[in-house]
>>> print(open('model_3.txt').read())   # compact mmCIF, C-alpha atoms and all ligand atoms
# COMPACT_ATOMS: atom_id res chain seq x y z
CA MET A 7 -5.19 -10.54 -2.04
CA ARG A 8 -8.21 -8.27 -2.13
CA LEU A 9 -8.55 -6.56 1.21
CA ILE A 10 -10.39 -3.77 3.00
CA LEU A 11 -9.16 -1.92 6.08
CA LEU A 12 -12.08 -0.84 8.25
CA GLY A 13 -11.89 1.41 11.30
CA ALA A 14 -12.78 4.80 12.71
CA PRO A 15 -10.88 7.87 11.49
CA GLY A 16 -7.59 7.85 13.39
CA ALA A 17 -7.63 4.08 14.02
CA GLY A 18 -4.37 3.76 12.09
CA LYS A 19 -5.73 2.48 8.77
CA GLY A 20 -3.41 4.64 6.67
CA THR A 21 -0.31 3.57 8.59
CA GLN A 22 -1.19 -0.12 8.49
CA ALA A 23 -2.14 0.16 4.82
CA VAL A 24 1.34 1.47 3.92
CA ASN A 25 3.01 -1.46 5.76
CA LEU A 26 0.64 -4.12 4.44
CA SER A 27 0.72 -2.98 0.83
CA LYS A 28 4.55 -3.16 0.91
CA GLU A 29 4.54 -6.65 2.43
CA LEU A 30 1.82 -7.98 0.16
CA HIS A 31 2.90 -6.12 -3.03
CA ILE A 32 -0.57 -4.79 -3.66
CA PRO A 33 -1.63 -1.18 -4.24
CA HIS A 34 -2.87 0.87 -1.29
CA ILE A 35 -6.02 2.65 -2.38
CA SER A 36 -7.12 5.44 -0.05
CA THR A 37 -10.19 7.30 -1.25
CA GLY A 38 -9.30 10.09 1.21
CA ASP A 39 -5.83 10.42 -0.42
CA ILE A 40 -7.43 10.50 -3.88
CA PHE A 41 -9.82 13.25 -2.79
CA ARG A 42 -6.99 15.25 -1.16
CA ALA A 43 -4.79 14.93 -4.28
CA ASN A 44 -7.72 16.29 -6.33
CA ILE A 45 -8.18 19.16 -3.87
CA ARG A 46 -4.46 20.04 -4.12
CA GLU A 47 -4.67 19.94 -7.91
CA GLY A 48 -7.87 22.01 -7.92
CA THR A 49 -9.88 19.57 -10.06
CA GLU A 50 -13.66 19.66 -10.33
CA LEU A 51 -13.87 16.45 -8.26
CA GLY A 52 -11.64 18.08 -5.63
CA LEU A 53 -13.83 21.17 -5.45
CA LYS A 54 -16.96 19.06 -5.02
CA ALA A 55 -15.39 16.80 -2.38
CA LYS A 56 -13.83 19.61 -0.31
CA THR A 57 -17.08 21.03 1.06
CA TYR A 58 -18.07 17.63 2.47
CA ILE A 59 -14.59 16.76 3.76
CA ASP A 60 -14.09 20.09 5.57
CA ALA A 61 -17.44 19.63 7.31
CA GLY A 62 -16.53 16.11 8.51
CA LYS A 63 -19.24 14.63 6.26
CA LEU A 64 -18.96 11.84 3.74
CA VAL A 65 -18.53 12.58 0.05
CA PRO A 66 -21.68 11.32 -1.77
CA ASP A 67 -21.62 7.64 -2.74
CA THR A 68 -21.93 8.26 -6.51
CA LEU A 69 -18.85 10.49 -6.55
CA THR A 70 -16.89 8.05 -4.40
CA MET A 71 -17.89 5.02 -6.49
CA SER A 72 -16.82 6.76 -9.69
CA ILE A 73 -13.23 7.21 -8.44
CA VAL A 74 -13.12 3.64 -7.08
CA GLU A 75 -14.34 2.11 -10.33
CA ASP A 76 -11.73 4.07 -12.30
CA ARG A 77 -9.00 3.01 -9.90
CA LEU A 78 -9.93 -0.67 -10.06
CA GLN A 79 -9.51 -0.64 -13.86
CA LYS A 80 -5.79 0.11 -13.51
CA ASP A 81 -3.42 -2.77 -14.26
CA ASP A 82 -1.84 -2.78 -10.81
CA CYS A 83 -5.14 -3.98 -9.27
CA ARG A 84 -5.09 -7.27 -11.17
CA ASN A 85 -3.22 -9.07 -8.41
CA GLY A 86 -5.12 -7.48 -5.59
CA PHE A 87 -5.59 -4.25 -3.69
CA LEU A 88 -5.97 -2.86 -0.21
CA PHE A 89 -8.74 -0.32 0.34
CA ASP A 90 -8.24 2.18 3.14
CA GLY A 91 -11.25 4.31 4.06
CA PHE A 92 -13.49 2.64 1.51
CA PRO A 93 -16.24 1.48 1.66
CA ARG A 94 -17.70 3.82 4.27
CA THR A 95 -21.43 3.14 3.77
CA ILE A 96 -23.58 0.07 3.11
CA PRO A 97 -24.49 1.31 -0.42
CA GLN A 98 -20.76 1.67 -1.21
CA ALA A 99 -20.12 -1.88 0.04
CA GLU A 100 -22.99 -3.21 -2.08
CA SER A 101 -21.78 -1.33 -5.15
CA LEU A 102 -18.26 -2.66 -4.58
CA GLU A 103 -19.61 -6.22 -4.56
CA ASP A 104 -21.33 -5.57 -7.90
CA VAL A 105 -18.26 -3.94 -9.45
CA LEU A 106 -16.01 -6.80 -8.31
CA ALA A 107 -18.50 -9.43 -9.50
CA GLY A 108 -18.44 -7.73 -12.92
CA MET A 109 -14.66 -8.19 -12.91
CA ASN A 110 -14.90 -11.80 -11.70
CA MET A 111 -13.36 -10.91 -8.39
CA GLU A 112 -14.32 -11.11 -4.75
CA LEU A 113 -12.92 -9.88 -1.46
CA ASP A 114 -10.58 -12.09 0.58
CA ALA A 115 -10.90 -10.37 3.94
CA VAL A 116 -11.93 -7.21 5.78
CA ILE A 117 -9.49 -6.10 8.47
CA SER A 118 -11.14 -4.21 11.30
CA LEU A 119 -8.84 -2.00 13.41
CA ASP A 120 -10.54 -1.54 16.77
CA VAL A 121 -9.67 1.59 18.78
CA PRO A 122 -11.78 3.29 21.53
CA ASN A 123 -13.04 6.83 20.78
CA GLU A 124 -11.02 8.55 23.53
CA VAL A 125 -7.77 7.13 22.11
CA ILE A 126 -8.79 8.34 18.66
CA VAL A 127 -9.40 11.93 19.73
CA ARG A 128 -5.98 11.99 21.48
CA ARG A 129 -4.24 10.49 18.45
CA MET A 130 -5.77 12.82 15.90
CA ALA A 131 -4.48 15.86 17.78
CA GLY A 132 -0.93 14.74 16.85
CA ARG A 133 -1.53 14.06 13.17
CA ARG A 134 0.32 16.11 10.57
CA VAL A 135 0.34 15.92 6.79
CA CYS A 136 2.75 17.26 4.18
CA LYS A 137 1.19 20.25 2.41
CA ASN A 138 2.98 19.34 -0.84
CA CYS A 139 2.98 15.55 -1.22
CA GLY A 140 0.33 14.41 1.28
CA ARG A 141 2.53 12.03 3.30
CA ASN A 142 1.16 11.43 6.82
CA TYR A 143 3.06 11.85 10.09
CA HIS A 144 2.31 11.83 13.81
CA ILE A 145 4.27 13.99 16.24
CA VAL A 146 4.59 11.07 18.71
CA THR A 147 4.33 7.80 16.78
CA ILE A 148 5.67 8.69 13.30
CA PRO A 149 7.67 11.90 13.73
CA PRO A 150 9.51 13.42 10.76
CA LYS A 151 13.34 13.45 10.95
CA GLN A 152 13.22 17.25 11.16
CA GLU A 153 10.33 18.86 13.04
CA GLY A 154 7.69 20.32 10.74
CA ILE A 155 9.40 19.18 7.51
CA CYS A 156 8.44 16.26 5.25
CA ASP A 157 11.14 13.53 5.02
CA LYS A 158 10.11 12.72 1.46
CA CYS A 159 9.86 16.11 -0.28
CA GLY A 160 10.94 18.76 2.25
CA GLY A 161 7.46 20.34 2.24
CA PRO A 162 5.90 21.93 5.35
CA LEU A 163 3.85 19.70 7.68
CA ILE A 164 0.41 21.05 8.55
CA ILE A 165 -2.72 19.93 10.42
CA ARG A 166 -5.36 18.67 8.00
CA ASP A 167 -8.43 20.95 8.00
CA ASP A 168 -10.57 17.96 8.91
CA ASP A 169 -8.29 16.94 11.82
CA ARG A 170 -9.39 19.95 13.89
CA GLU A 171 -11.20 18.94 17.07
CA GLU A 172 -14.76 19.99 16.06
CA THR A 173 -14.41 18.19 12.73
CA VAL A 174 -12.93 15.10 14.39
CA LEU A 175 -16.01 14.81 16.63
CA GLU A 176 -18.28 15.20 13.58
CA ARG A 177 -16.26 12.55 11.69
CA LEU A 178 -16.61 10.15 14.62
CA LYS A 179 -20.40 10.69 14.64
CA THR A 180 -20.50 10.07 10.88
CA TYR A 181 -18.44 6.92 11.38
CA THR A 182 -20.80 5.51 14.03
CA LYS A 183 -23.89 6.23 11.97
CA LYS A 184 -22.78 5.38 8.44
CA THR A 185 -19.67 3.19 8.56
CA GLU A 186 -19.98 1.05 11.70
CA PRO A 187 -22.90 -0.94 10.21
CA LEU A 188 -20.33 -2.37 7.76
CA ILE A 189 -19.01 -4.52 10.61
CA GLY A 190 -22.25 -6.51 10.63
CA PHE A 191 -22.39 -6.48 6.82
CA TYR A 192 -18.98 -8.15 6.49
CA GLU A 193 -19.47 -10.37 9.55
CA LYS A 194 -22.47 -11.92 7.77
CA ARG A 195 -20.23 -12.62 4.78
CA ASN A 196 -17.64 -14.25 7.03
CA LEU A 197 -14.95 -11.84 5.90
CA LEU A 198 -14.28 -9.84 9.06
CA LEU A 199 -11.02 -10.14 11.03
CA HIS A 200 -10.69 -8.03 14.23
CA PHE A 201 -7.41 -6.48 15.46
CA ASP A 202 -6.57 -4.34 18.47
CA GLY A 203 -5.50 -1.02 16.93
CA THR A 204 -4.11 0.36 20.22
CA LYS A 205 -1.00 -1.85 20.09
CA ASP A 206 2.41 -0.97 18.67
CA ILE A 207 2.19 -0.25 14.91
CA LEU A 208 4.61 -2.95 13.76
CA GLU A 209 3.20 -5.53 16.18
CA THR A 210 -0.25 -4.96 14.70
CA THR A 211 1.13 -5.24 11.14
CA ARG A 212 2.74 -8.57 12.09
CA GLU A 213 -0.48 -9.88 13.67
CA ILE A 214 -2.45 -8.93 10.56
CA MET A 215 0.12 -10.53 8.25
CA ASP A 216 0.18 -13.75 10.29
CA CYS A 217 -3.59 -13.94 10.29
CA ILE A 218 -3.92 -13.20 6.58
CA LYS A 219 -1.35 -15.85 5.74
CA GLY A 220 -3.38 -18.29 7.84
CA GLN A 221 -6.51 -17.27 5.98
CA CYS A 222 -4.78 -17.84 2.65
CA ALA A 223 -3.74 -21.30 3.76
CA LYS A 224 -7.38 -22.02 4.59
CA GLY A 225 -8.27 -20.86 1.10
CA VAL A 226 -10.34 -17.79 2.09
P1 LIG B 1 -9.72 9.67 5.24
O1 LIG B 1 -8.41 10.21 4.83
O2 LIG B 1 -9.94 8.26 4.80
O3 LIG B 1 -10.00 9.86 6.71
O4 LIG B 1 -10.84 10.53 4.47
C1 LIG B 1 -10.95 11.92 4.67
C2 LIG B 1 -12.34 12.39 4.27
O5 LIG B 1 -12.56 12.10 2.88
C3 LIG B 1 -13.49 11.71 5.00
O6 LIG B 1 -13.76 12.30 6.26
C4 LIG B 1 -14.63 11.89 4.01
O7 LIG B 1 -15.12 13.22 4.03
C5 LIG B 1 -13.91 11.71 2.66
N1 LIG B 1 -13.92 10.28 2.24
C6 LIG B 1 -12.86 9.44 2.16
N2 LIG B 1 -13.24 8.21 1.75
C7 LIG B 1 -14.58 8.28 1.59
C8 LIG B 1 -15.57 7.32 1.23
N3 LIG B 1 -15.27 6.04 0.96
N4 LIG B 1 -16.87 7.75 1.17
C9 LIG B 1 -17.20 9.03 1.42
N5 LIG B 1 -16.32 9.97 1.82
C10 LIG B 1 -15.01 9.61 1.89
>>> encode(input="model_3.txt", output="structure tokens")
Amino acid sequence: MRLILLGAPGAGKGTQAVNLSKELHIPHISTGDIFRANIREGTELGLKAKTYIDAGKLVPDTLTMSIVEDRLQKDDCRNGFLFDGFPRTIPQAESLEDVLAGMNMELDAVISLDVPNEVIVRRMAGRRVCKNCGRNYHIVTIPPKQEGICDKCGGPLIIRDDDREETVLERLKTYTKKTEPLIGFYEKRNLLLHFDGTKDILETTREIMDCIKGQCAKGV
């Protein structure tokens, strides 16, 4: 399956993407994770992306498309993929259509996780990320086994620079202006499926899986 997860920052895309990619056996591609890995490694791409990310702005489309095109060439994408946090602008969505057409592929569905802004601001205050490996946690909904320590690698858990309140508000503004128009874009293409992102994490995963299986049966 070729899927996109759409939703405001903090809507739970990353968490759902981890669950869905396991269930569907398709790679989870988060452009935000790719940028953060580049920042940790100090690459040129990371340096360029960091200034935008820390300001709550979007990384320019050309830079974002270059990492997506590279990623789609990898063998593990042959049987499908799940994008999380991409596309974030109409030009990115249009470029993705062109890239996929060039590979004889098309999208199966776009999963929209709907969460009101006030819930998002509350949720983002609890987010933590491992400084070493980048795994995500939440102090209430996905706590680590030991407070402040990553379950996977033992690294320290920190607040992402762009999860600070001023940046969160800027990211939400950017989302409304640049990313929300994608809802109409994919609605027109009959690809959009809406889900209530305020429900229990596993319940939402189950609802998405049930719906996607139904879509497959209908041949979408
Ligand atoms: P995320 O982890 O998906 O919330 O992404 C963190 C930050 O990375 C965003 O606030 C943007 O600055 C940048 N970013 C991630 N994905 C994209 C994208 N598709 N287009 C532009 N910027 C992106």
>>> closest_residue(input="model_3.txt", among="A:Ala115, A:Ala55, A:Leu88, A:Ile73", to="A:Ile32", atoms="all atoms listed in the file")
A:Leu88
>>> closest_residue(input="model_3.txt", among="A:Glu176, A:Ile148, A:Arg94, A:Arg166", to="A:Asp206", atoms="only C-alpha atoms")
A:Ile148
>>> residues_near_ligand(input="model_3.txt", ligand="ligand LIG 1 (chain B)", cutoff="8 Å", atoms="all atoms listed in the file", output="PyMOL selection string")
chain A and resi 15-16+20+36-39+41-42+55-56+58-67+70-71+90-95+98+168+177
>>> residues_around(input="model_3.txt", residues="A:Val135", least_positions_apart="2", cutoff="10 Å", atoms="only C-alpha atoms", output="ChimeraX atom specification")
/A:133,137-144,154-156,161-166
>>> atom_distance(input="model_3.txt", atom1="atom CA of A:His34", atom2="atom CA of A:Glu100")
20.5 Å
>>> atom_distance(input="model_3.txt", atom1="atom CA of A:Ser118", atom2="atom CA of A:Leu199")
5.9 Å
>>> closest_residue(input="model_3.txt", among="A:Lys28, A:Arg134, A:Lys219, A:Arg84", to="A:Arg170", atoms="all atoms listed in the file")
A:Arg134
>>> closest_residue(input="model_3.txt", among="A:Ile45, A:Leu106, A:Leu51, A:Ile40", to="A:Arg8", atoms="only C-alpha atoms")
A:Leu106
>>> atom_distance(input="model_3.txt", atom1="atom CA of A:Val74", atom2="atom CA of A:Ile207")
27.1 Å
>>> closest_residue(input="model_3.txt", among="A:Asp82, A:Glu124, A:Asp169, A:Glu75", to="A:His31", atoms="only C-alpha atoms")
A:Asp82
>>> residues_around(input="model_3.txt", residues="A:Gly132", least_positions_apart="4", cutoff="8 Å", atoms="all atoms listed in the file", output="JSON, numbers by chain")
{"A": [128, 144, 145, 146]}
>>> closest_residue(input="model_3.txt", among="A:Gly190, A:Glu50, A:Leu198, A:Asp120", to="A:Thr210", atoms="only C-alpha atoms")
A:Asp120
